[in-house]
Structure formats: C-alpha cells, structure tokens
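Text of my_file_28.cif (mmCIF, C-alpha atoms) as supplied:
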```cif
data_data
#
loop_
_atom_site.label_atom_id
_atom_site.label_comp_id
_atom_site.auth_asym_id
_atom_site.auth_seq_id
_atom_site.Cartn_x
_atom_site.Cartn_y
_atom_site.Cartn_z
CA MET S 1 0.00 0.00 0.00
CA SER S 2 1.45 3.37 -0.94
CA MET S 3 2.00 6.25 1.44
CA GLY S 4 -0.59 8.34 -0.42
CA VAL S 5 -3.26 5.69 0.18
CA ASN S 6 -2.32 5.57 3.84
CA LEU S 7 -2.64 9.33 4.18
CA ARG S 8 -5.99 9.39 2.41
CA LYS S 9 -7.20 6.58 4.64
CA VAL S 10 -6.07 8.39 7.79
CA GLY S 11 -7.68 11.62 6.61
CA ARG S 12 -10.97 9.83 5.94
CA PHE S 13 -10.91 8.29 9.42
CA ARG S 14 -10.38 11.69 10.98
CA LYS S 15 -13.32 13.13 9.07
CA VAL S 16 -15.73 10.45 10.21
CA GLY S 17 -14.56 10.75 13.79
CA ASN S 18 -12.63 7.50 14.13
CA LEU S 19 -10.52 8.55 17.12
CA ARG S 20 -8.78 5.21 17.54
CA THR S 21 -6.45 5.74 14.58
CA VAL S 22 -5.76 9.35 15.52
CA ARG S 23 -4.90 8.38 19.09
CA GLY S 24 -2.60 5.67 17.79
CA LEU S 25 -0.75 8.16 15.64
CA ARG S 26 -0.57 10.65 18.46
CA LYS S 27 0.99 7.96 20.63
CA VAL S 28 3.93 7.85 18.23
CA ALA S 29 5.11 11.31 19.25
CA ARG S 30 3.65 11.61 22.74
CA LEU S 31 6.10 11.66 25.64
CA THR S 32 5.74 8.12 26.94
CA ARG S 33 7.37 6.87 30.12
CA ARG S 34 10.37 4.70 29.32
CA SER S 35 13.67 3.76 30.93
CA PRO S 36 16.24 6.61 31.10
CA ARG S 37 18.22 5.75 27.99
CA VAL S 38 17.87 9.00 26.01
CA ASP S 39 21.06 10.87 25.26
CA LEU S 40 20.72 14.31 26.82
CA SER S 41 24.23 15.46 25.97
CA HIS S 42 22.79 17.91 23.44
CA PRO S 43 20.22 20.60 24.35
CA ALA S 44 17.95 19.79 21.39
CA ARG S 45 16.40 16.80 23.13
CA SER S 46 12.97 15.66 24.17
CA PRO S 47 12.39 15.20 27.90
CA LEU S 48 13.75 12.01 29.40
CA GLY S 49 11.71 8.96 28.49
CA SER S 50 10.48 9.93 25.03
CA SER S 51 11.37 7.86 21.99
CA VAL S 52 10.70 10.87 19.75
CA VAL S 53 13.76 13.10 19.63
CA LYS S 54 12.64 15.51 16.92
CA CYS S 55 10.04 15.85 14.17
CA VAL S 56 10.74 18.71 11.77
CA THR S 57 9.48 19.74 8.34
CA TYR S 58 11.85 21.25 5.77
CA ARG S 59 10.94 23.15 2.63
CA LYS S 60 13.65 24.21 0.20
CA GLY S 61 16.18 23.49 2.89
CA VAL S 62 14.55 25.80 5.45
CA ARG S 63 13.18 24.45 8.69
CA GLN S 64 9.49 25.00 9.23
CA SER S 65 7.63 25.12 12.51
CA THR S 66 8.19 21.95 14.54
CA ALA S 67 5.36 19.46 14.30
CA ARG S 68 3.34 19.09 17.47
CA ASP S 69 2.64 15.71 18.99
CA ASP S 70 -0.76 15.51 17.32
CA ASP S 71 -0.05 16.94 13.86
CA LEU S 72 2.46 14.45 12.40
CA VAL S 73 -0.25 13.31 10.01
CA GLU S 74 -1.03 16.88 9.00
CA ALA S 75 2.64 17.62 8.39
CA VAL S 76 3.09 14.60 6.14
CA THR S 77 -0.23 15.26 4.39
CA GLN S 78 0.76 18.84 3.61
CA ILE S 79 4.15 17.76 2.29
CA ARG S 80 2.49 15.23 0.02
CA LYS S 81 -0.13 17.71 -1.10
CA ASP S 82 2.33 20.47 -1.97
CA ASP S 83 4.90 18.00 -3.31
CA ASP S 84 7.57 20.15 -1.70
CA GLY S 85 9.99 19.45 1.15
CA PHE S 86 10.28 16.50 3.49
CA VAL S 87 9.76 15.43 7.08
CA TRP S 88 12.62 14.34 9.34
CA LEU S 89 11.46 12.20 12.26
CA GLY S 90 14.08 11.18 14.80
CA LEU S 91 13.49 8.32 17.25
CA HIS S 92 15.58 6.83 20.04
CA GLU S 93 15.11 3.15 20.86
CA PRO S 94 11.37 2.97 20.10
CA THR S 95 9.29 0.00 21.13
CA GLU S 96 7.26 -2.05 18.67
CA ALA S 97 4.10 -0.28 19.76
CA GLU S 98 5.63 3.16 19.37
CA PHE S 99 7.06 2.39 15.95
CA GLY S 100 4.07 0.46 14.62
CA ASP S 101 1.97 3.52 13.79
CA VAL S 102 4.94 5.22 12.14
CA ALA S 103 5.51 2.14 10.00
CA GLU S 104 1.85 2.16 8.97
CA LEU S 105 1.83 5.85 8.18
CA PHE S 106 4.95 5.73 5.98
CA ASP S 107 4.25 2.24 4.60
CA LEU S 108 7.53 0.76 5.87
CA HIS S 109 8.38 -2.86 5.17
CA PRO S 110 7.86 -5.20 8.16
CA LEU S 111 11.35 -6.70 7.87
CA ALA S 112 12.97 -3.27 8.00
CA VAL S 113 10.74 -2.29 10.92
CA GLU S 114 11.80 -5.39 12.84
CA ASP S 115 15.47 -4.58 12.24
CA ALA S 116 14.96 -0.99 13.36
CA VAL S 117 13.23 -1.94 16.60
CA HIS S 118 15.45 -4.82 17.72
CA ALA S 119 18.79 -3.47 16.38
CA HIS S 120 22.01 -5.56 16.48
CA GLN S 121 22.26 -5.53 12.68
CA ARG S 122 25.23 -5.47 10.35
CA PRO S 123 25.77 -2.29 8.30
CA LYS S 124 23.69 -2.64 5.17
CA VAL S 125 21.54 -0.88 2.58
CA GLU S 126 18.29 -2.40 1.36
CA ARG S 127 15.57 -1.16 -0.98
CA TYR S 128 11.90 -1.81 -0.29
CA GLY S 129 9.94 -0.32 -3.16
CA GLU S 130 10.62 3.42 -3.13
CA THR S 131 12.00 3.37 0.41
CA LEU S 132 15.67 2.96 1.22
CA PHE S 133 16.67 1.36 4.51
CA ALA S 134 20.25 1.88 5.75
CA VAL S 135 21.95 0.59 8.90
CA PHE S 136 25.08 2.23 10.32
CA LYS S 137 27.16 1.07 13.27
CA THR S 138 28.20 4.00 15.45
CA VAL S 139 31.30 3.93 17.63
CA CYS S 140 32.48 6.00 20.57
CA TYR S 141 35.84 6.07 22.36
CA VAL S 142 35.47 5.36 26.07
CA GLU S 143 37.77 7.59 28.08
CA HIS S 144 39.82 5.82 30.77
CA ALA S 145 42.49 7.02 33.15
CA GLU S 146 44.60 3.89 32.66
CA LEU S 147 44.34 1.03 30.21
CA THR S 148 43.87 -2.28 32.00
CA ALA S 149 43.07 -5.83 30.94
CA THR S 150 39.35 -5.09 31.47
CA SER S 151 39.11 -1.50 30.21
CA GLU S 152 36.36 -0.72 27.72
CA VAL S 153 37.88 1.23 24.86
CA VAL S 154 35.24 1.20 22.11
CA ASP S 155 31.48 1.43 22.64
CA THR S 156 29.14 0.75 19.71
CA GLY S 157 25.59 1.70 18.82
CA GLU S 158 23.41 1.83 15.73
CA ILE S 159 21.61 4.31 13.52
CA MET S 160 18.90 3.13 11.14
CA ALA S 161 17.60 5.45 8.44
CA PHE S 162 14.45 5.10 6.36
CA VAL S 163 14.70 7.39 3.35
CA GLY S 164 11.82 8.10 1.01
CA ARG S 165 11.00 10.75 -1.53
CA ASP S 166 9.61 13.11 1.11
CA PHE S 167 10.66 11.72 4.51
CA VAL S 168 13.63 10.64 6.60
CA ILE S 169 13.14 8.51 9.70
CA THR S 170 16.21 7.95 11.87
CA VAL S 171 16.20 5.37 14.65
CA ARG S 172 19.11 5.52 17.06
CA HIS S 173 20.22 2.82 19.51
CA GLY S 174 22.82 3.47 22.19
CA ARG S 175 23.84 6.39 24.35
CA HIS S 176 26.12 8.03 21.80
CA GLY S 177 25.81 8.98 18.13
CA SER S 178 23.52 11.94 18.78
CA LEU S 179 22.13 13.52 15.60
CA GLY S 180 21.20 16.83 17.23
CA PRO S 181 24.43 18.64 16.32
CA LEU S 182 24.25 17.15 12.82
CA ARG S 183 20.72 18.47 12.37
CA GLU S 184 21.81 21.95 13.43
CA GLN S 185 24.79 21.82 11.10
CA LEU S 186 22.56 20.89 8.18
CA GLU S 187 20.10 23.63 9.05
CA SER S 188 22.93 26.15 8.85
CA THR S 189 23.44 25.16 5.19
CA PRO S 190 19.95 25.25 3.61
CA GLU S 191 21.36 24.65 0.14
CA GLN S 192 22.45 21.19 1.29
CA LEU S 193 19.12 20.35 2.91
CA ALA S 194 17.36 21.57 -0.23
CA GLN S 195 18.68 18.48 -2.00
CA GLY S 196 16.22 16.39 -0.03
CA PRO S 197 16.33 13.31 2.20
CA ALA S 198 19.38 11.93 0.37
CA ALA S 199 21.42 14.84 1.71
CA VAL S 200 20.46 13.82 5.26
CA LEU S 201 21.48 10.23 4.57
CA HIS S 202 24.85 11.40 3.26
CA ALA S 203 25.38 13.62 6.31
CA ILE S 204 24.65 10.69 8.64
CA ALA S 205 27.07 8.41 6.79
CA ASP S 206 29.71 11.13 6.80
CA GLN S 207 29.36 11.71 10.55
CA VAL S 208 29.52 7.97 11.30
CA VAL S 209 32.74 7.57 9.29
CA ASP S 210 34.23 10.71 10.86
CA ASP S 211 33.58 9.14 14.26
CA TYR S 212 35.46 6.05 13.05
CA LEU S 213 38.46 8.25 12.24
CA ALA S 214 38.32 9.96 15.64
CA VAL S 215 38.15 6.62 17.47
CA THR S 216 41.07 5.17 15.50
CA GLU S 217 43.20 8.18 16.44
CA ALA S 218 42.31 7.71 20.11
CA VAL S 219 43.02 3.97 19.94
CA GLN S 220 46.39 4.75 18.40
CA ASN S 221 47.35 6.63 21.57
CA ASP S 222 46.57 3.53 23.64
CA ILE S 223 48.62 1.39 21.26
CA ASP S 224 51.54 3.82 21.50
CA GLU S 225 51.34 3.64 25.31
CA VAL S 226 51.41 -0.16 25.29
CA GLU S 227 54.23 -0.19 22.76
CA SER S 228 56.35 2.17 24.88
CA GLU S 229 55.81 -0.01 27.94
CA VAL S 230 56.67 -3.24 26.14
CA PHE S 231 59.90 -1.85 24.68
CA SER S 232 61.02 -0.17 27.89
CA PRO S 233 64.12 -1.64 29.65
CA THR S 234 61.89 -3.56 32.06
CA GLY S 235 59.08 -4.24 29.59
CA GLY S 236 59.71 -7.97 29.43
CA ARG S 237 59.05 -8.28 33.17
CA THR S 238 56.48 -5.55 33.92
CA ALA S 239 54.33 -5.34 30.76
CA ASP S 240 50.86 -6.86 31.09
CA PRO S 241 49.88 -8.99 28.06
CA GLY S 242 46.26 -8.69 29.12
CA ARG S 243 46.29 -5.04 28.03
CA ILE S 244 47.42 -6.08 24.56
CA TYR S 245 44.70 -8.71 24.29
CA GLN S 246 42.12 -6.19 25.51
CA LEU S 247 43.18 -3.71 22.83
CA LYS S 248 42.90 -6.44 20.20
CA ARG S 249 39.38 -7.29 21.37
CA GLU S 250 38.30 -3.65 21.29
CA LEU S 251 39.94 -3.19 17.90
CA LEU S 252 37.97 -6.19 16.64
CA GLU S 253 34.77 -4.51 17.78
CA LEU S 254 35.74 -1.39 15.85
CA LYS S 255 36.52 -3.54 12.82
CA ARG S 256 33.12 -5.22 12.95
CA ALA S 257 31.47 -1.81 12.90
CA ALA S 258 33.53 -0.13 10.18
CA VAL S 259 34.66 -2.71 7.64
CA PRO S 260 31.20 -4.14 6.70
CA LEU S 261 30.04 -0.61 5.84
CA GLY S 262 32.24 -0.60 2.73
CA ARG S 263 29.81 -2.55 0.55
CA PRO S 264 26.72 -0.46 1.47
CA LEU S 265 28.60 2.76 0.71
CA GLN S 266 29.65 1.39 -2.66
CA VAL S 267 26.00 0.60 -3.39
CA LEU S 268 24.97 4.14 -2.43
CA ALA S 269 27.77 5.61 -4.53
CA THR S 270 27.38 3.56 -7.70
CA GLN S 271 23.94 2.01 -8.12
CA PRO S 272 21.15 4.27 -9.46
CA MET S 273 18.38 4.93 -6.94
CA ARG S 274 15.28 7.07 -7.14
CA VAL S 275 15.75 8.67 -3.74
CA ILE S 276 19.43 9.56 -4.33
CA ALA S 277 20.32 12.03 -7.06
CA PRO S 278 23.46 11.30 -9.13
CA GLU S 279 25.17 14.46 -7.88
CA ILE S 280 24.84 13.25 -4.27
CA GLN S 281 26.32 9.86 -5.11
CA ALA S 282 29.67 11.57 -5.68
CA TYR S 283 29.64 12.59 -2.02
CA PHE S 284 29.03 9.00 -0.98
CA ARG S 285 32.17 8.05 -2.94
CA ASP S 286 34.09 10.56 -0.84
CA VAL S 287 32.72 8.97 2.36
CA ASP S 288 33.73 5.57 1.01
CA ASP S 289 37.28 6.83 0.50
CA HIS S 290 37.42 7.91 4.15
CA LEU S 291 36.10 4.53 5.23
CA LYS S 292 38.83 2.78 3.28
CA ARG S 293 41.39 4.83 5.19
CA VAL S 294 39.78 3.71 8.45
CA ALA S 295 39.90 0.08 7.31
CA ASP S 296 43.59 0.44 6.41
CA GLN S 297 44.35 1.94 9.83
CA ILE S 298 42.49 -0.85 11.61
CA ALA S 299 44.41 -3.48 9.64
CA ALA S 300 47.70 -1.71 10.42
CA PHE S 301 46.81 -1.49 14.13
CA ASP S 302 45.98 -5.20 14.19
CA GLU S 303 49.33 -6.09 12.64
CA LEU S 304 51.12 -3.74 15.02
CA LEU S 305 49.44 -5.29 18.05
CA ASN S 306 50.41 -8.74 16.79
CA SER S 307 54.02 -7.57 16.50
CA ILE S 308 53.91 -5.99 19.96
CA LEU S 309 52.51 -9.19 21.45
CA GLN S 310 55.13 -11.34 19.73
CA ALA S 311 57.86 -8.95 20.86
CA HIS S 312 56.58 -9.14 24.43
CA LEU S 313 56.51 -12.93 24.35
CA ALA S 314 60.06 -12.93 22.94
CA GLN S 315 61.16 -10.61 25.75
CA VAL S 316 59.60 -12.92 28.31
CA THR S 317 61.41 -15.88 26.75
CA VAL S 318 64.72 -14.00 26.77
CA ALA S 319 64.21 -12.97 30.40
CA GLN S 320 63.47 -16.57 31.35
CA ASN S 321 66.58 -17.76 29.52
CA GLU S 322 68.66 -15.20 31.37
CA ASP S 323 67.27 -16.42 34.67
CA MET S 324 67.98 -20.01 33.73
CA ARG S 325 71.56 -19.15 32.77
CA LYS S 326 72.13 -17.46 36.13
CA ILE S 327 70.65 -20.38 37.99
CA THR S 328 72.80 -22.80 35.98
CA ALA S 329 75.97 -20.75 36.59
CA TRP S 330 75.44 -20.62 40.34
CA ALA S 331 74.59 -24.31 40.39
CA ALA S 332 77.91 -25.04 38.65
CA ILE S 333 79.83 -22.95 41.18
CA VAL S 334 78.10 -24.59 44.13
CA ALA S 335 78.73 -28.04 42.63
CA VAL S 336 82.52 -27.74 43.18
CA PRO S 337 82.55 -27.54 47.00
CA THR S 338 79.67 -29.98 47.11
CA MET S 339 81.66 -32.54 45.15
CA VAL S 340 84.89 -32.07 47.14
CA CYS S 341 83.14 -32.13 50.49
CA GLY S 342 81.15 -35.13 49.39
CA VAL S 343 84.32 -37.04 48.53
CA TYR S 344 86.05 -36.23 51.80
CA GLY S 345 82.91 -36.87 53.74
CA MET S 346 83.04 -40.59 52.90
CA ASN S 347 83.92 -42.87 55.82
CA PHE S 348 87.06 -44.57 54.55
CA ASP S 349 90.14 -45.09 56.74
CA HIS S 350 92.70 -44.96 53.93
CA MET S 351 92.22 -41.73 51.93
CA PRO S 352 95.04 -39.48 50.53
CA GLU S 353 95.84 -36.42 52.65
CA LEU S 354 93.13 -37.41 55.11
CA ARG S 355 95.43 -37.01 58.14
CA TRP S 356 97.77 -34.44 56.59
CA GLN S 357 98.37 -31.32 58.71
CA TYR S 358 97.73 -28.89 55.87
CA GLY S 359 95.05 -30.92 54.11
CA TYR S 360 92.12 -28.75 55.21
CA ALA S 361 93.78 -25.51 54.11
CA LEU S 362 94.76 -27.04 50.77
CA VAL S 363 91.26 -28.35 50.04
CA MET S 364 89.61 -25.04 50.94
CA GLY S 365 92.09 -23.18 48.77
CA VAL S 366 91.44 -25.44 45.82
CA ILE S 367 87.65 -24.98 46.28
CA ALA S 368 88.00 -21.20 46.47
CA THR S 369 90.26 -21.07 43.41
CA VAL S 370 87.97 -23.19 41.25
CA CYS S 371 84.86 -21.30 42.34
CA CYS S 372 86.48 -17.93 41.61
CA SER S 373 87.60 -19.14 38.20
CA LEU S 374 84.10 -20.34 37.33
CA TYR S 375 82.58 -17.07 38.54
CA ARG S 376 84.93 -14.98 36.41
CA GLY S 377 84.29 -17.18 33.38
CA PHE S 378 80.51 -16.89 33.74
CA ARG S 379 80.74 -13.12 34.20
CA ARG S 380 82.93 -12.82 31.12
CA ASN S 381 80.35 -14.73 29.03
CA GLY S 382 77.40 -12.71 30.38
CA TRP S 383 75.80 -15.47 32.40
CA LEU S 384 76.15 -13.60 35.66
#
```
Could you take the file, read its structure, and then write that structure out as structure tokens?
Amino acid sequence: MSMGVNLRKVGRFRKVGNLRTVRGLRKVARLTRRSPRVDLSHPARSPLGSSVVKCVTYRKGVRQSTARDDDLVEAVTQIRKDDDGFVWLGLHEPTEAEFGDVAELFDLHPLAVEDAVHAHQRPKVERYGETLFAVFKTVCYVEHAELTATSEVVDTGEIMAFVGRDFVITVRHGRHGSLGPLREQLESTPEQLAQGPAAVLHAIADQVVDDYLAVTEAVQNDIDEVESEVFSPTGGRTADPGRIYQLKRELLELKRAAVPLGRPLQVLATQPMRVIAPEIQAYFRDVDDHLKRVADQIAAFDELLNSILQAHLAQVTVAQNEDMRKITAWAAIVAVPTMVCGVYGMNFDHMPELRWQYGYALVMGVIATVCCSLYRGFRRNGWL
C-alpha cells in the first residue's frame, strides 16, 4: 500500500470521527514513560523517556515550525499535497508499539521495521519499493584514566535510516551517536538540505565515518602507550599482556562496525536509486574513501598489536633464559665444594691427605680457586 493511500485513509478516518487511529498516531510522538536511555548530551532533546527526539518539516532546505505531537499526520499530508519538502522524524530506541503507527503511516516494510526496533544488525543498505533502509554502526571512544586488561575502549551503537521521496526517519540505539548537532549543522546550510532526504542520509554516513576516524586516532594513543611499555628496559618483566589482548578485542569490535560498511557505501555511490540524485552519489564516494582509510588503519593497528605481542613474548622468553643461565651458573659454582666435600665426607680409613696437617687448608684453597675461576668465566660470558 502506498504512502498516499495511507494518508488518504487516515484523513478519511479523521473526518468520520474514528478517534482510535488518531490516538494511535498521536501515541507515536507523545512523551511516553520509558527507561532513562535518552542521550541528553545535546540541548535539542525531548524530555527524558520519550522515543521521539525531533520531528521537523523542511521546505527548500529551510526548517518550518516543529510538528506538534498531534499533527504528524497533517505535516506529512501537507508535504504530500504540496509536493515540496520532506519530514525528518528522529526516534531513540522505540518499542514495537511506538514504531508500529509510524511504520503504517509511511508504509515501511515489516522486515525493516523489525530490524529498526530490535537493532544488532550489520551495516547494510536495502531497498523496499521506493523506500531505502540503511543501517550504520556508530562507535564511541570510552575515556579511561589507565588502560587495564578489562578497560572498555570502544562502545558501539546503531543508527537506522528510512529514506523516502519526502521523509527521513532515523532510529538511534545506544547512548552516543547523537544527531542533534548534525541536524543543526545541516540547518545552517539550507542549500544542502534543499537536495532532499538523500542529503540527510549522506550527512549521517559522513558523521559515522568521521567518528570512526576519531576513534582510530584515540586507539592509536593507547597502542603507543602499550608499545612504549613493552619496549622499555623492564618491559619484558612488567608489561601486562592482558592489556594487549584487551586492545585487540576492542579493535575487533571497531573492525566489525567499520569494515562491513564498505559494501553499502559502494552501493549508495554507484547504483542508481530514485531517492538519491546522481550528484549526491559523488559525495558517498568521498565517504567511502574515508572509510577505506579507516579500514587500512584498523588493519595496520591489528598487525602492530600482533608484532607488539610477539615482541613481548620474545622478551619474556629472553628474560626466562637469562634467569635459567644465572641459575645454571650458580649451580655449577656450588657443585665444586659440594663434590669435594662429598668425597672427603666418605667414611674410609685410607684416603690421601686425610690425616695431613695442611690438608684442610689445601682443600679449601682449591675450592675457592675453582669457584672464583668459574665465577669470572661466567661473568665474562654474560651469564652472571
């Protein structure tokens, strides 16, 4: 069923006084009580507990009056009637009930709706009729005073975007990846917003990839810190391999978010789509170039961490060998008096020099001379 049919149906219900449908649509934007998961780091936010972050109409790139909770239908109807502008609806972790009326109003595919509500999807781009559904993995660097074997370095979230000819619906999961600053940035450049919903989709993809670059730079500082510790004079004994493994795990999480996005960006940049003008596809190619740089950095970091780990294990092996050489050297030195004393400790009556007056002094001198010679030889060869 097309969006136009949906709007006509909703309008007919309102005329005949069917309040059930109207109340259902109002519930989409009403401030419902939910768990405190909304990101309030940006002032352009709904009160805590609302899944609706923002609902704004744009005409020729200029923001119109914000839609009230009960006039989402009117806003979309007017856009469709005038065939000018688009609606941008932002949601944060909506429930199935909250998103169901939105899906009916904009005629969204059930499979895409399920992905948007439950999240935990791979980055992808899918087309359902005239609607484009895109999934982006967002990342955020978690600040920490000291990197440990259990430190969280990379936190991930998701942004889903439904893009049609005259609407953009963004669904965000996670505490980071706020689109408020992005919305304000776009509103400061009306000529970009005038290009329609595809411009919003490009801006979202560009911000997500820019966040990848920022996180890789921050992770590089942690890698440099671990590398300096491992290659310090005492690195073989004091460095914690758990920190290296933790960095590799967090880097793997970053890789799972960034690398799979390459194919969707290539689709957006190369394949013809009704909702994306050819001139905007060139900008998606630029975003894809930035993503490739992120992928190269992640691969380089992974190789570097492997080298650091191997170097640390080699240092541990060398340190253990040095300890074994010292133990062996001292055991050889101690073996000399042990052997001599063991021989003269045997209970035989007829032994050479057993009753000699200077026998004790001679034996102790020989022991001291041999032990000193062994000690000097081991020191000369670096064993002690």
Which one is closest to Thr131 of chain S: S:Arg63, S:Arg165, S:Arg285, S:Arg293? Count all atoms listed in the file.
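Counting all atoms listed in the file, the residue closest to Thr131 of chain S is S:Arg165.
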Correct to one decimal, the distance atom CA of Asp210 of chain S-atom CA of Tyr283 of chain S is 13.8 Å
Atom CA of Glu229 of chain S and atom CA of Arg249 of chain S are how many Å apart?
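Going from atom CA of Glu229 of chain S over to atom CA of Arg249 of chain S, I get 19.1 Å.
The interatomic distance for the pair atom CA of Glu322 of chain S and atom CA of Ile308 of chain S works out to 20.8 Å.
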Name the residues in contact with Gly382 of chain S at a cut-off of 12 Å, using all atoms listed in the file, excluding same-chain residues fewer than 6 positions from it; report them as a short mmCIF file (atom, residue, chain, number, x, y, z; two decimals) with C-alpha atoms, in the coordinates of the input.
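Below you can see result39.cif, which holds the result:
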```
data_model
loop_
_atom_site.label_atom_id
_atom_site.label_comp_id
_atom_site.auth_asym_id
_atom_site.auth_seq_id
_atom_site.Cartn_x
_atom_site.Cartn_y
_atom_site.Cartn_z
CA ASN S 321 66.58 -17.76 29.52
CA GLU S 322 68.66 -15.20 31.37
CA ASP S 323 67.27 -16.42 34.67
CA ARG S 325 71.56 -19.15 32.77
CA LYS S 326 72.13 -17.46 36.13
CA ALA S 329 75.97 -20.75 36.59
CA TYR S 375 82.58 -17.07 38.54
CA ARG S 376 84.93 -14.98 36.41
#
```
Leaving out Pro123 of chain S and any residue of its chain fewer than 4 positions from it, which residues lie within 6 Å of it when counting only C-alpha atoms, given as a tab-separated table (two decimals) with C-alpha atoms, in the coordinates of the input?
```
chain	number	residue	atom	x	y	z
S	135	VAL	CA	21.95	0.59	8.90
S	136	PHE	CA	25.08	2.23	10.32
S	260	PRO	CA	31.20	-4.14	6.70
S	261	LEU	CA	30.04	-0.61	5.84
```
For the file shown, report as a PyMOL selection string the outcome of the PyMOL selection byres ((chain S and resi 292) around 12) at residue level.
chain S and resi 209-210+212-213+255+258-263+265-266+285-291+293-299
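Take the candidates S:Arg274, S:Arg127, S:His92, S:Lys60 and check each one against Phe162 of chain S using all atoms listed in the file; the shortest distance goes to S:Arg127.
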Show me, as a ChimeraX atom specification, the residues that have an atom within 8 Å of Gly196 of chain S when counting only C-alpha atoms, minus same-chain residues fewer than 2 positions from it.
/S:61,85-86,165-166,192-194,198-200
I'd like the contact shell of Ala112 of chain S - 10 Å cut-off, all atoms listed in the file, skipping same-chain residues fewer than 2 positions apart - returned as an MDAnalysis selection string.
chainID S and resid 103 108:110 114:117 126:128 132:135 160:162
I'd like the contact shell of Leu313 of chain S - 12 Å cut-off, all atoms listed in the file, skipping same-chain residues fewer than 2 positions apart - returned as a PyMOL selection string.
chain S and resi 230-231+235-237+239-241+244+306-311+315-320
